[in-house]
>>> print(open('protein_33.cif').read())   # mmCIF, C-alpha atoms
data_final
#
loop_
_atom_site.label_atom_id
_atom_site.label_comp_id
_atom_site.auth_asym_id
_atom_site.auth_seq_id
_atom_site.Cartn_x
_atom_site.Cartn_y
_atom_site.Cartn_z
CA MET A 1 -27.82 -214.49 -4.55
CA LEU A 2 -27.10 -217.98 -3.21
CA ASP A 3 -23.40 -218.68 -3.68
CA LYS A 4 -22.89 -221.99 -5.54
CA SER A 5 -19.15 -221.52 -6.01
CA PRO A 6 -16.80 -224.42 -5.17
CA HIS A 7 -14.43 -224.43 -2.26
CA SER A 8 -11.36 -222.30 -2.67
CA ALA A 9 -8.00 -223.98 -3.11
CA ALA A 10 -5.64 -224.03 -0.15
CA VAL A 11 -3.04 -221.26 0.00
CA ASN A 12 0.35 -220.85 1.58
CA VAL A 13 0.27 -219.68 5.19
CA PRO A 14 2.93 -217.95 7.26
CA ASN A 15 5.05 -220.21 9.43
CA ASP A 16 5.51 -217.59 12.14
CA LEU A 17 2.52 -215.84 13.73
CA ALA A 18 4.48 -214.11 16.49
CA ALA A 19 5.06 -210.67 14.97
CA HIS A 20 1.41 -209.68 14.53
CA TRP A 21 -0.20 -208.42 17.77
CA MET A 22 -3.87 -208.80 16.87
CA PRO A 23 -6.61 -206.36 17.95
CA PHE A 24 -9.45 -207.43 20.27
CA THR A 25 -8.17 -211.01 20.07
CA ALA A 26 -7.04 -213.63 22.56
CA ASN A 27 -3.64 -213.75 20.85
CA ARG A 28 -2.15 -216.79 22.62
CA ALA A 29 -5.24 -218.91 22.04
CA PHE A 30 -5.53 -217.76 18.43
CA LYS A 31 -1.96 -218.68 17.58
CA LYS A 32 -2.48 -222.18 18.97
CA ALA A 33 -5.51 -222.66 16.68
CA PRO A 34 -5.50 -219.91 14.02
CA ARG A 35 -8.68 -218.94 12.23
CA LEU A 36 -7.01 -217.82 8.99
CA LEU A 37 -8.99 -216.55 6.01
CA ALA A 38 -7.76 -216.47 2.42
CA GLY A 39 -10.73 -215.32 0.33
CA ALA A 40 -14.38 -214.32 0.26
CA LYS A 41 -17.28 -214.29 -2.17
CA ASP A 42 -20.92 -213.35 -1.67
CA MET A 43 -22.07 -215.04 1.58
CA HIS A 44 -18.89 -217.01 2.27
CA TYR A 45 -15.30 -216.79 3.40
CA PHE A 46 -12.66 -219.31 2.36
CA THR A 47 -10.07 -220.55 4.82
CA VAL A 48 -6.41 -221.08 4.01
CA ASP A 49 -7.08 -224.83 3.86
CA GLY A 50 -9.91 -224.36 1.36
CA ARG A 51 -12.98 -224.68 3.60
CA LYS A 52 -16.07 -222.60 2.81
CA ILE A 53 -17.35 -220.60 5.81
CA LEU A 54 -20.85 -219.10 5.88
CA ASP A 55 -20.57 -215.48 6.96
CA GLY A 56 -23.08 -214.85 9.73
CA ALA A 57 -21.42 -211.57 10.75
CA ALA A 58 -21.04 -209.54 7.53
CA GLY A 59 -17.33 -209.59 8.33
CA MET A 60 -17.58 -207.24 11.27
CA TRP A 61 -20.94 -205.58 10.60
CA CYS A 62 -19.32 -204.20 7.40
CA SER A 63 -20.00 -206.25 4.29
CA ASN A 64 -23.71 -205.55 3.93
CA ALA A 65 -23.67 -206.27 0.19
CA GLY A 66 -21.71 -209.50 0.59
CA HIS A 67 -18.14 -210.18 -0.42
CA GLY A 68 -16.12 -209.97 -3.61
CA ARG A 69 -18.30 -207.41 -5.34
CA THR A 70 -16.50 -206.80 -8.62
CA GLN A 71 -18.19 -203.41 -9.04
CA ILE A 72 -16.46 -202.15 -5.90
CA ALA A 73 -13.11 -203.80 -6.67
CA GLU A 74 -13.06 -202.36 -10.17
CA ALA A 75 -13.93 -198.88 -8.90
CA ILE A 76 -11.04 -199.04 -6.41
CA GLY A 77 -8.66 -200.26 -9.12
CA ARG A 78 -9.63 -197.51 -11.56
CA GLN A 79 -9.24 -194.88 -8.87
CA ALA A 80 -5.85 -196.20 -7.77
CA ALA A 81 -4.61 -196.02 -11.35
CA THR A 82 -5.95 -192.49 -11.85
CA LEU A 83 -5.44 -190.71 -8.52
CA ASP A 84 -4.03 -192.78 -5.68
CA TYR A 85 -3.87 -190.03 -3.06
CA ALA A 86 -4.69 -186.36 -2.72
CA PRO A 87 -4.22 -184.18 0.38
CA PRO A 88 -7.58 -183.55 2.07
CA PHE A 89 -6.41 -180.32 3.76
CA GLN A 90 -6.88 -177.31 1.45
CA PHE A 91 -7.44 -179.58 -1.60
CA GLY A 92 -10.33 -181.73 -2.72
CA ILE A 93 -11.36 -184.42 -5.17
CA PRO A 94 -14.70 -184.58 -7.05
CA GLN A 95 -15.52 -188.02 -5.66
CA ALA A 96 -15.52 -186.73 -2.08
CA PHE A 97 -18.12 -184.09 -2.85
CA GLU A 98 -20.23 -186.56 -4.81
CA LEU A 99 -20.14 -189.14 -2.03
CA ALA A 100 -20.96 -186.54 0.63
CA SER A 101 -23.98 -185.40 -1.38
CA ARG A 102 -25.26 -188.93 -1.81
CA ILE A 103 -24.85 -189.76 1.88
CA ALA A 104 -26.63 -186.54 2.83
CA ASP A 105 -29.47 -187.47 0.46
CA LEU A 106 -29.87 -190.79 2.32
CA ALA A 107 -29.85 -189.11 5.75
CA PRO A 108 -32.92 -187.55 7.37
CA LYS A 109 -33.78 -184.09 6.09
CA GLY A 110 -31.76 -181.43 7.88
CA LEU A 111 -28.63 -183.55 8.19
CA ASP A 112 -26.97 -182.13 5.09
CA HIS A 113 -23.22 -181.91 5.73
CA VAL A 114 -20.71 -184.77 5.83
CA PHE A 115 -17.24 -184.74 7.42
CA PHE A 116 -15.10 -187.73 6.42
CA CYS A 117 -12.65 -189.75 8.51
CA ASN A 118 -11.46 -193.35 8.37
CA SER A 119 -13.26 -195.44 11.00
CA GLY A 120 -16.09 -195.53 13.49
CA SER A 121 -13.66 -194.68 16.28
CA GLU A 122 -12.55 -191.55 14.46
CA ALA A 123 -16.16 -190.70 13.67
CA ALA A 124 -17.13 -190.81 17.34
CA ASP A 125 -14.19 -188.64 18.41
CA THR A 126 -14.93 -186.24 15.55
CA ALA A 127 -18.56 -185.86 16.58
CA LEU A 128 -17.63 -185.26 20.22
CA LYS A 129 -15.08 -182.62 19.24
CA MET A 130 -17.62 -180.96 16.97
CA ALA A 131 -20.09 -180.80 19.84
CA LEU A 132 -17.55 -179.16 22.15
CA ALA A 133 -16.42 -176.72 19.46
CA TYR A 134 -20.00 -175.84 18.53
CA HIS A 135 -20.81 -174.79 22.08
CA GLN A 136 -17.57 -172.81 22.26
CA ILE A 137 -18.32 -170.75 19.18
CA SER A 138 -21.93 -170.36 20.28
CA GLY A 139 -20.87 -168.64 23.49
CA GLN A 140 -21.64 -171.64 25.71
CA GLY A 141 -18.13 -172.88 26.39
CA GLY A 142 -19.20 -174.11 29.81
CA ARG A 143 -20.95 -176.99 28.04
CA SER A 144 -18.07 -179.44 28.12
CA ARG A 145 -19.55 -182.53 29.74
CA LEU A 146 -20.18 -185.59 27.53
CA ILE A 147 -22.79 -188.26 28.27
CA GLY A 148 -22.60 -191.84 27.03
CA ARG A 149 -24.44 -194.95 28.15
CA GLU A 150 -23.61 -198.10 30.06
CA ARG A 151 -22.82 -200.96 27.67
CA GLY A 152 -22.35 -198.45 24.87
CA TYR A 153 -19.53 -198.77 22.35
CA HIS A 154 -18.14 -195.80 20.44
CA GLY A 155 -14.80 -197.07 19.25
CA VAL A 156 -11.38 -197.00 20.81
CA GLY A 157 -10.26 -193.36 20.69
CA PHE A 158 -9.91 -191.57 23.99
CA GLY A 159 -13.21 -189.79 23.47
CA GLY A 160 -15.12 -192.87 22.32
CA THR A 161 -13.65 -195.03 25.06
CA SER A 162 -14.55 -192.41 27.67
CA VAL A 163 -18.21 -192.17 26.69
CA GLY A 164 -18.36 -195.90 26.03
CA GLY A 165 -19.77 -198.08 28.76
CA MET A 166 -18.20 -201.52 28.27
CA GLY A 167 -16.06 -202.18 31.32
CA ASN A 168 -13.43 -204.40 29.71
CA ASN A 169 -12.76 -201.71 27.08
CA ARG A 170 -12.08 -199.07 29.75
CA LYS A 171 -10.46 -200.64 32.78
CA MET A 172 -6.85 -200.73 31.53
CA PHE A 173 -6.69 -197.09 30.49
CA GLY A 174 -6.84 -195.02 33.63
CA THR A 175 -9.14 -192.06 34.05
CA LEU A 176 -9.58 -191.39 30.30
CA LEU A 177 -11.40 -188.07 29.69
CA THR A 178 -12.78 -186.15 32.66
CA GLY A 179 -16.26 -184.64 32.66
CA VAL A 180 -18.00 -187.75 31.36
CA ASP A 181 -21.08 -189.47 32.73
CA HIS A 182 -23.29 -192.35 31.61
CA LEU A 183 -26.97 -193.14 31.23
CA PRO A 184 -28.10 -196.57 32.41
CA SER A 185 -28.22 -199.42 29.93
CA THR A 186 -31.56 -199.95 28.22
CA TYR A 187 -31.46 -203.70 28.87
CA ASP A 188 -33.48 -205.45 31.56
CA ARG A 189 -33.62 -209.18 30.90
CA GLU A 190 -36.30 -209.79 33.50
CA LYS A 191 -38.75 -207.54 31.65
CA GLN A 192 -37.49 -207.77 28.06
CA ALA A 193 -36.35 -211.35 27.46
CA PHE A 194 -37.19 -212.86 24.06
CA SER A 195 -38.70 -209.64 22.72
CA LYS A 196 -39.33 -209.38 18.99
CA GLY A 197 -37.65 -206.24 17.81
CA GLU A 198 -37.81 -203.22 20.10
CA PRO A 199 -38.86 -204.14 23.66
CA GLU A 200 -42.10 -202.71 24.98
CA TYR A 201 -40.46 -201.99 28.33
CA GLY A 202 -37.81 -199.36 28.89
CA ALA A 203 -38.73 -196.00 27.31
CA HIS A 204 -38.65 -194.45 30.78
CA LEU A 205 -34.93 -195.21 31.09
CA ALA A 206 -34.30 -192.11 28.98
CA ASP A 207 -35.55 -190.05 31.93
CA ALA A 208 -32.25 -190.77 33.67
CA LEU A 209 -30.87 -187.92 31.58
CA GLU A 210 -32.99 -185.54 33.68
CA ASN A 211 -31.17 -186.88 36.74
CA LEU A 212 -27.80 -186.08 35.16
CA VAL A 213 -29.06 -182.62 34.23
CA ASN A 214 -30.07 -182.06 37.86
CA LEU A 215 -26.72 -183.38 39.05
CA HIS A 216 -24.41 -181.47 36.73
CA GLY A 217 -26.56 -178.61 35.41
CA ALA A 218 -27.82 -178.45 31.83
CA ASN A 219 -25.44 -175.61 31.06
CA THR A 220 -22.47 -177.95 31.60
CA ILE A 221 -23.57 -180.72 29.21
CA ALA A 222 -22.45 -180.59 25.57
CA ALA A 223 -23.80 -183.79 24.07
CA VAL A 224 -25.32 -187.22 24.57
CA ILE A 225 -24.11 -190.05 22.33
CA VAL A 226 -26.00 -193.34 22.01
CA GLU A 227 -26.32 -196.24 19.59
CA PRO A 228 -29.90 -196.76 18.35
CA MET A 229 -29.08 -200.45 18.67
CA ALA A 230 -26.07 -201.27 20.86
CA GLY A 231 -24.27 -203.86 18.76
CA SER A 232 -20.84 -204.64 20.13
CA THR A 233 -22.17 -205.33 23.62
CA GLY A 234 -24.43 -208.09 22.30
CA VAL A 235 -27.31 -206.55 20.28
CA LEU A 236 -29.50 -204.41 22.55
CA PRO A 237 -32.36 -202.79 20.63
CA ALA A 238 -33.63 -199.47 21.94
CA PRO A 239 -36.98 -199.85 23.74
CA LYS A 240 -40.02 -198.46 21.97
CA GLY A 241 -40.21 -194.70 22.51
CA TYR A 242 -36.81 -194.46 24.19
CA LEU A 243 -35.02 -192.53 21.46
CA LYS A 244 -37.90 -190.08 21.00
CA ARG A 245 -37.94 -189.42 24.73
CA LEU A 246 -34.19 -188.87 24.70
CA ARG A 247 -34.59 -186.40 21.84
CA GLU A 248 -37.26 -184.50 23.75
CA ILE A 249 -35.07 -184.16 26.84
CA THR A 250 -31.96 -183.09 24.94
CA GLN A 251 -33.90 -180.45 23.01
CA LYS A 252 -35.48 -179.17 26.20
CA HIS A 253 -32.04 -178.55 27.73
CA GLY A 254 -30.09 -177.45 24.65
CA ILE A 255 -27.98 -180.62 24.61
CA LEU A 256 -26.79 -182.07 21.30
CA LEU A 257 -27.87 -185.64 20.49
CA ILE A 258 -25.48 -187.87 18.54
CA PHE A 259 -26.59 -191.20 17.08
CA ASP A 260 -23.69 -193.60 16.63
CA GLU A 261 -24.81 -195.48 13.53
CA VAL A 262 -21.51 -197.10 12.66
CA ILE A 263 -23.29 -200.46 12.89
CA THR A 264 -26.91 -199.52 12.19
CA GLY A 265 -26.19 -197.33 9.15
CA PHE A 266 -26.62 -198.53 5.56
CA GLY A 267 -29.42 -201.02 5.86
CA ARG A 268 -28.71 -203.10 8.94
CA LEU A 269 -32.12 -202.18 10.43
CA GLY A 270 -33.92 -201.98 7.10
CA TYR A 271 -33.32 -198.28 6.44
CA ALA A 272 -30.41 -196.15 5.33
CA PHE A 273 -30.12 -195.00 8.95
CA ALA A 274 -31.87 -196.10 12.13
CA ALA A 275 -32.89 -192.48 12.71
CA GLU A 276 -35.37 -192.98 9.88
CA ARG A 277 -36.70 -196.22 11.32
CA TYR A 278 -37.38 -194.53 14.66
CA GLY A 279 -38.55 -191.17 13.33
CA VAL A 280 -35.99 -189.25 15.40
CA LEU A 281 -33.80 -186.43 14.08
CA PRO A 282 -30.49 -186.27 15.98
CA ASP A 283 -28.01 -183.44 15.63
CA MET A 284 -25.28 -185.70 14.27
CA ILE A 285 -24.99 -189.26 12.93
CA THR A 286 -21.70 -191.13 12.88
CA PHE A 287 -21.15 -193.79 10.22
CA ALA A 288 -18.47 -196.17 8.91
CA LYS A 289 -18.42 -199.93 8.13
CA GLY A 290 -21.20 -200.34 5.55
CA VAL A 291 -20.46 -197.10 3.69
CA THR A 292 -17.77 -198.91 1.65
CA ASN A 293 -19.04 -202.46 2.27
CA GLY A 294 -15.84 -202.90 4.29
CA ALA A 295 -13.73 -202.76 1.12
CA ALA A 296 -11.80 -199.66 2.22
CA PRO A 297 -11.52 -197.84 5.56
CA MET A 298 -13.92 -194.90 5.80
CA GLY A 299 -16.06 -193.21 8.42
CA GLY A 300 -17.71 -189.87 8.92
CA VAL A 301 -20.18 -187.61 10.66
CA ILE A 302 -23.38 -186.25 9.17
CA VAL A 303 -24.16 -182.88 10.72
CA ARG A 304 -27.25 -180.68 10.96
CA ASP A 305 -27.28 -177.39 9.10
CA THR A 306 -27.48 -175.35 12.28
CA ILE A 307 -24.24 -176.84 13.60
CA HIS A 308 -22.35 -176.61 10.33
CA ASP A 309 -23.48 -173.06 9.63
CA ALA A 310 -22.41 -171.87 13.08
CA PHE A 311 -18.80 -172.56 12.07
CA MET A 312 -19.08 -170.67 8.78
CA SER A 313 -18.24 -167.23 10.16
CA GLY A 314 -15.20 -165.00 10.49
CA PRO A 315 -12.67 -164.31 7.73
CA GLU A 316 -13.13 -166.68 4.79
CA HIS A 317 -9.43 -167.59 4.59
CA VAL A 318 -9.38 -168.94 8.16
CA ILE A 319 -9.88 -172.65 8.90
CA GLU A 320 -13.29 -173.06 10.56
CA LEU A 321 -12.64 -176.40 12.32
CA ALA A 322 -9.10 -177.44 13.26
CA HIS A 323 -9.70 -181.15 12.85
CA GLY A 324 -9.17 -183.85 10.23
CA TYR A 325 -7.04 -186.79 9.18
CA THR A 326 -4.38 -187.47 6.55
CA TYR A 327 -6.67 -189.99 4.92
CA SER A 328 -10.00 -188.15 5.24
CA ALA A 329 -11.99 -188.70 2.03
CA HIS A 330 -9.23 -190.89 0.62
CA PRO A 331 -9.70 -191.35 -3.15
CA LEU A 332 -9.87 -195.15 -2.97
CA ALA A 333 -12.38 -195.06 -0.10
CA CYS A 334 -14.54 -192.55 -1.97
CA ALA A 335 -14.52 -194.79 -5.05
CA ALA A 336 -15.51 -197.77 -2.91
CA GLY A 337 -18.26 -195.74 -1.23
CA LEU A 338 -19.80 -194.58 -4.49
CA ALA A 339 -19.81 -198.10 -5.92
CA THR A 340 -21.27 -199.47 -2.70
CA LEU A 341 -24.12 -196.96 -2.66
CA ASP A 342 -24.87 -197.92 -6.27
CA ILE A 343 -25.26 -201.56 -5.22
CA TYR A 344 -27.49 -200.69 -2.26
CA ARG A 345 -29.70 -198.62 -4.56
CA ASP A 346 -29.80 -200.93 -7.58
CA GLU A 347 -30.39 -204.12 -5.58
CA LYS A 348 -32.71 -202.41 -3.09
CA LEU A 349 -30.86 -204.01 -0.22
CA PHE A 350 -32.29 -201.76 2.50
CA GLU A 351 -35.81 -202.68 1.44
CA ARG A 352 -34.77 -206.31 1.15
CA ALA A 353 -33.53 -206.34 4.74
CA ARG A 354 -36.76 -204.78 5.92
CA ALA A 355 -38.84 -207.42 4.13
CA LEU A 356 -36.73 -210.28 5.46
CA GLU A 357 -36.73 -209.10 9.08
CA PRO A 358 -39.88 -210.97 10.24
CA LYS A 359 -38.66 -214.28 8.81
CA TRP A 360 -35.19 -213.76 10.28
CA THR A 361 -36.72 -212.95 13.67
CA ASP A 362 -38.93 -216.03 13.77
CA ALA A 363 -36.09 -218.27 12.65
CA ILE A 364 -33.66 -216.99 15.27
CA LEU A 365 -36.25 -217.12 18.07
CA SER A 366 -36.78 -220.82 17.29
CA LEU A 367 -33.50 -221.35 19.17
CA ASN A 368 -35.06 -220.31 22.48
CA ASN A 369 -35.28 -223.87 23.83
CA GLU A 370 -31.69 -224.81 23.09
CA PRO A 371 -29.53 -225.56 26.16
CA ASN A 372 -28.26 -222.59 28.19
CA VAL A 373 -30.10 -219.98 26.10
CA VAL A 374 -31.41 -217.33 28.50
CA ASP A 375 -32.36 -214.59 26.03
CA ILE A 376 -32.56 -213.84 22.33
CA ARG A 377 -32.81 -210.32 20.92
CA THR A 378 -33.41 -209.36 17.31
CA VAL A 379 -33.95 -206.13 15.40
CA GLY A 380 -33.42 -205.66 11.68
CA LEU A 381 -31.04 -208.34 10.44
CA THR A 382 -29.25 -208.72 13.77
CA ALA A 383 -29.50 -211.16 16.65
CA GLY A 384 -27.95 -211.56 20.07
CA ILE A 385 -28.19 -214.93 21.83
CA ASP A 386 -27.23 -214.96 25.51
CA LEU A 387 -25.85 -218.20 26.92
CA THR A 388 -25.38 -218.87 30.61
CA SER A 389 -21.79 -218.42 31.75
CA ARG A 390 -19.78 -221.33 33.06
CA PRO A 391 -19.02 -221.10 36.78
CA ASP A 392 -15.88 -219.02 37.34
CA GLN A 393 -15.26 -218.84 33.56
CA PRO A 394 -17.19 -215.88 32.15
CA GLY A 395 -16.82 -215.70 28.38
CA LYS A 396 -15.42 -219.25 28.02
CA ARG A 397 -18.65 -220.74 26.67
CA GLY A 398 -18.84 -217.96 24.10
CA PHE A 399 -15.20 -218.45 23.12
CA ASP A 400 -15.73 -222.19 22.72
CA ALA A 401 -18.80 -221.42 20.61
CA LEU A 402 -16.72 -219.20 18.31
CA ASN A 403 -14.28 -222.06 17.73
CA SER A 404 -17.02 -224.66 17.33
CA ALA A 405 -18.72 -222.49 14.73
CA PHE A 406 -15.56 -221.91 12.73
CA PHE A 407 -13.78 -225.25 12.96
CA ASP A 408 -16.68 -227.71 13.21
CA ASN A 409 -19.67 -226.00 11.58
CA ASP A 410 -18.19 -223.76 8.88
CA LEU A 411 -19.83 -220.64 10.29
CA MET A 412 -18.48 -217.22 11.15
CA MET A 413 -20.20 -215.32 13.94
CA ARG A 414 -19.17 -212.80 16.57
CA ILE A 415 -19.15 -213.12 20.33
CA ALA A 416 -19.45 -210.62 23.17
CA GLY A 417 -18.58 -212.57 26.29
CA ASP A 418 -21.13 -215.37 26.37
CA THR A 419 -23.39 -213.70 23.81
CA LEU A 420 -23.45 -214.97 20.23
CA ALA A 421 -24.00 -212.15 17.73
CA LEU A 422 -25.35 -212.73 14.23
CA THR A 423 -25.41 -209.97 11.61
CA PRO A 424 -25.33 -211.50 8.12
CA PRO A 425 -24.91 -209.64 4.83
CA LEU A 426 -28.16 -208.18 3.57
CA ILE A 427 -27.98 -210.42 0.48
CA ILE A 428 -28.72 -213.48 2.62
CA SER A 429 -31.35 -215.85 1.22
CA GLU A 430 -34.15 -217.47 3.21
CA GLU A 431 -32.41 -220.80 2.68
CA GLN A 432 -29.22 -219.40 4.21
CA VAL A 433 -31.17 -218.02 7.16
CA GLY A 434 -32.24 -221.58 7.87
CA GLU A 435 -28.67 -222.78 7.40
CA ILE A 436 -27.37 -220.27 9.96
CA VAL A 437 -30.01 -221.30 12.50
CA GLU A 438 -29.20 -224.97 11.97
CA LYS A 439 -25.48 -224.36 12.43
CA VAL A 440 -25.98 -222.16 15.52
CA ALA A 441 -28.15 -224.84 17.11
CA LYS A 442 -25.30 -227.33 16.65
CA VAL A 443 -22.84 -224.86 18.15
CA ILE A 444 -25.02 -224.21 21.21
CA ARG A 445 -25.40 -227.94 21.83
CA ALA A 446 -21.68 -228.50 21.36
CA VAL A 447 -20.81 -226.06 24.17
CA ALA A 448 -23.65 -227.08 26.50
#
>>> encode(input="protein_33.cif", output="structure tokens")
Amino acid sequence: MLDKSPHSAAVNVPNDLAAHWMPFTANRAFKKAPRLLAGAKDMHYFTVDGRKILDGAAGMWCSNAGHGRTQIAEAIGRQAATLDYAPPFQFGIPQAFELASRIADLAPKGLDHVFFCNSGSEAADTALKMALAYHQISGQGGRSRLIGRERGYHGVGFGGTSVGGMGNNRKMFGTLLTGVDHLPSTYDREKQAFSKGEPEYGAHLADALENLVNLHGANTIAAVIVEPMAGSTGVLPAPKGYLKRLREITQKHGILLIFDEVITGFGRLGYAFAAERYGVLPDMITFAKGVTNGAAPMGGVIVRDTIHDAFMSGPEHVIELAHGYTYSAHPLACAAGLATLDIYRDEKLFERARALEPKWTDAILSLNNEPNVVDIRTVGLTAGIDLTSRPDQPGKRGFDALNSAFFDNDLMMRIAGDTLALTPPLIISEEQVGEIVEKVAKVIRAVA
């Protein structure tokens, strides 16, 4: 799987970058020194000037099977030529039903129904709406409160932003949704620093849900949504036993539990879903990113039978759930999803990630003595490396590291403030693991 391909040839670039307002980007800084990409294959991107960039981020947690997979591209092309679009309301396509069945087969037993959307943000909002609607039709309409977690990320819809707990993602947007509260973050550097995998300390932090129950009343709470591993905030693995304890408390009080697996789904933690890794059955799982290997926008929610079946009542000609999107189960996305699942199965990429995890962990933790490194966290094929912030310039060291990686060390990684995040495609070789570590060490020293 090691990519031996030559550098890509340079391509024409636009001479005016002003029109495009980029998402989650420091636009003014970017346009002074653009990081422009022109191609990708296997473990590498190619820049517009022909440089070969090692992908240490799987794009954006998406391209678990690597880039330029002809099987996926050909499936999309065939589908576009045959059926480019079909309305998802009141009509269906065979590929949507096939993909839903295959995703349900990968999910834990009991999670048997799949509702499609187009992104992780839409998946989070869909799951939250389902939770509210479920309690309404179950005669418990007073259950309208939603519980997220500090440092959580559930996309950028109003619902996901409201239950999310990353301050910079919330502070510009007013009060957002009312009736929302948050559990404390699971991270405590003093007691968890440099843990391998799930920290030993922190299961008790789930008990904070009991405090919220006492504060608001269990009969007012609809759902709790958490990431099994909080990725966008800088890779925070759940402490050992935390998710099981959270499941016990939610079941005790009749509260739905939603796992946001937009990042952790499809092999990132060595299993189809993190719920399997942790032996916890939530009521819903959100997914996106890896379901199509990033080749087409798609997301969704996997729902327990008891929730789905509660909606299947009343006259059969009446819509059971007034929710959906113009591009739900889009034909091209379904084709990409089916081809992607074939690759995961045939190349045993989930199992491969699980087998590689110990070597990845040891390699990443070897960076612990580099300058300004104050913590390293790993779980599955992920890593978060915390660097000390510069005085009065939070996030500047991380931003400089992003540029050093891309321009000087031919590496793509992600940053969250002054945290470096590494999440390579699951096809990564042991040799490339070493290459990433070597490049990251150079980056850390460059911004010391």
>>> closest_residue(input="protein_33.cif", among="A:Ala81, A:Ala416, A:Val156, A:Val447", to="A:Glu122", atoms="all atoms listed in the file")
A:Val156
>>> residues_around(input="protein_33.cif", residues="stretch 326-332 of chain A", least_positions_apart="3", cutoff="12 Å", atoms="only C-alpha atoms", output="short mmCIF file (atom, residue, chain, number, x, y, z; two decimals) with C-alpha atoms, in the frame of the given file")
data_model
loop_
_atom_site.label_atom_id
_atom_site.label_comp_id
_atom_site.auth_asym_id
_atom_site.auth_seq_id
_atom_site.Cartn_x
_atom_site.Cartn_y
_atom_site.Cartn_z
CA ILE A 72 -16.46 -202.15 -5.90
CA ALA A 73 -13.11 -203.80 -6.67
CA GLU A 74 -13.06 -202.36 -10.17
CA ALA A 75 -13.93 -198.88 -8.90
CA ILE A 76 -11.04 -199.04 -6.41
CA GLY A 77 -8.66 -200.26 -9.12
CA ARG A 78 -9.63 -197.51 -11.56
CA GLN A 79 -9.24 -194.88 -8.87
CA ALA A 80 -5.85 -196.20 -7.77
CA ALA A 81 -4.61 -196.02 -11.35
CA THR A 82 -5.95 -192.49 -11.85
CA LEU A 83 -5.44 -190.71 -8.52
CA ASP A 84 -4.03 -192.78 -5.68
CA TYR A 85 -3.87 -190.03 -3.06
CA ALA A 86 -4.69 -186.36 -2.72
CA PRO A 87 -4.22 -184.18 0.38
CA PRO A 88 -7.58 -183.55 2.07
CA PHE A 89 -6.41 -180.32 3.76
CA GLN A 90 -6.88 -177.31 1.45
CA PHE A 91 -7.44 -179.58 -1.60
CA GLY A 92 -10.33 -181.73 -2.72
CA ILE A 93 -11.36 -184.42 -5.17
CA PRO A 94 -14.70 -184.58 -7.05
CA GLN A 95 -15.52 -188.02 -5.66
CA ALA A 96 -15.52 -186.73 -2.08
CA PHE A 97 -18.12 -184.09 -2.85
CA GLU A 98 -20.23 -186.56 -4.81
CA LEU A 99 -20.14 -189.14 -2.03
CA ALA A 100 -20.96 -186.54 0.63
CA VAL A 114 -20.71 -184.77 5.83
CA PHE A 115 -17.24 -184.74 7.42
CA PHE A 116 -15.10 -187.73 6.42
CA CYS A 117 -12.65 -189.75 8.51
CA ASN A 118 -11.46 -193.35 8.37
CA SER A 119 -13.26 -195.44 11.00
CA GLU A 122 -12.55 -191.55 14.46
CA ALA A 123 -16.16 -190.70 13.67
CA THR A 126 -14.93 -186.24 15.55
CA THR A 292 -17.77 -198.91 1.65
CA ALA A 295 -13.73 -202.76 1.12
CA ALA A 296 -11.80 -199.66 2.22
CA PRO A 297 -11.52 -197.84 5.56
CA MET A 298 -13.92 -194.90 5.80
CA GLY A 299 -16.06 -193.21 8.42
CA GLY A 300 -17.71 -189.87 8.92
CA VAL A 301 -20.18 -187.61 10.66
CA HIS A 323 -9.70 -181.15 12.85
CA ALA A 335 -14.52 -194.79 -5.05
CA ALA A 336 -15.51 -197.77 -2.91
CA GLY A 337 -18.26 -195.74 -1.23
CA LEU A 338 -19.80 -194.58 -4.49
CA ALA A 339 -19.81 -198.10 -5.92
#
>>> closest_residue(input="protein_33.cif", among="A:Val224, A:His216, A:His67, A:Glu276", to="A:Phe46", atoms="only C-alpha atoms")
A:His67
>>> resolve_selection(input="protein_33.cif", expression="the PyMOL selection byres ((chain A and resi 166) around 7)", output="PyMOL selection string")
chain A and resi 150-153+164-165+167-170
>>> write_last_selection(input="protein_33.cif", atoms="C-alpha atoms", output="PDB file, in the frame of the given file")
ATOM      1  CA  GLU A 150     -23.610-198.100  30.060  1.00  0.00           C
ATOM      2  CA  ARG A 151     -22.820-200.960  27.670  1.00  0.00           C
ATOM      3  CA  GLY A 152     -22.350-198.450  24.870  1.00  0.00           C
ATOM      4  CA  TYR A 153     -19.530-198.770  22.350  1.00  0.00           C
ATOM      5  CA  GLY A 164     -18.360-195.900  26.030  1.00  0.00           C
ATOM      6  CA  GLY A 165     -19.770-198.080  28.760  1.00  0.00           C
ATOM      7  CA  GLY A 167     -16.060-202.180  31.320  1.00  0.00           C
ATOM      8  CA  ASN A 168     -13.430-204.400  29.710  1.00  0.00           C
ATOM      9  CA  ASN A 169     -12.760-201.710  27.080  1.00  0.00           C
ATOM     10  CA  ARG A 170     -12.080-199.070  29.750  1.00  0.00           C
TER      11      ARG A 170
END
>>> resolve_selection(input="protein_33.cif", expression="the PyMOL selection byres ((chain A and resi 18) around 12)", output="compact mmCIF listing (two decimals) with C-alpha atoms, in the coordinates of the input")
# COMPACT_ATOMS: atom_id res chain seq x y z
CA PRO A 14 2.93 -217.95 7.26
CA ASN A 15 5.05 -220.21 9.43
CA ASP A 16 5.51 -217.59 12.14
CA LEU A 17 2.52 -215.84 13.73
CA ALA A 19 5.06 -210.67 14.97
CA HIS A 20 1.41 -209.68 14.53
CA TRP A 21 -0.20 -208.42 17.77
CA MET A 22 -3.87 -208.80 16.87
CA ASN A 27 -3.64 -213.75 20.85
CA ARG A 28 -2.15 -216.79 22.62
CA PHE A 30 -5.53 -217.76 18.43
CA LYS A 31 -1.96 -218.68 17.58
CA LYS A 32 -2.48 -222.18 18.97
CA PRO A 34 -5.50 -219.91 14.02
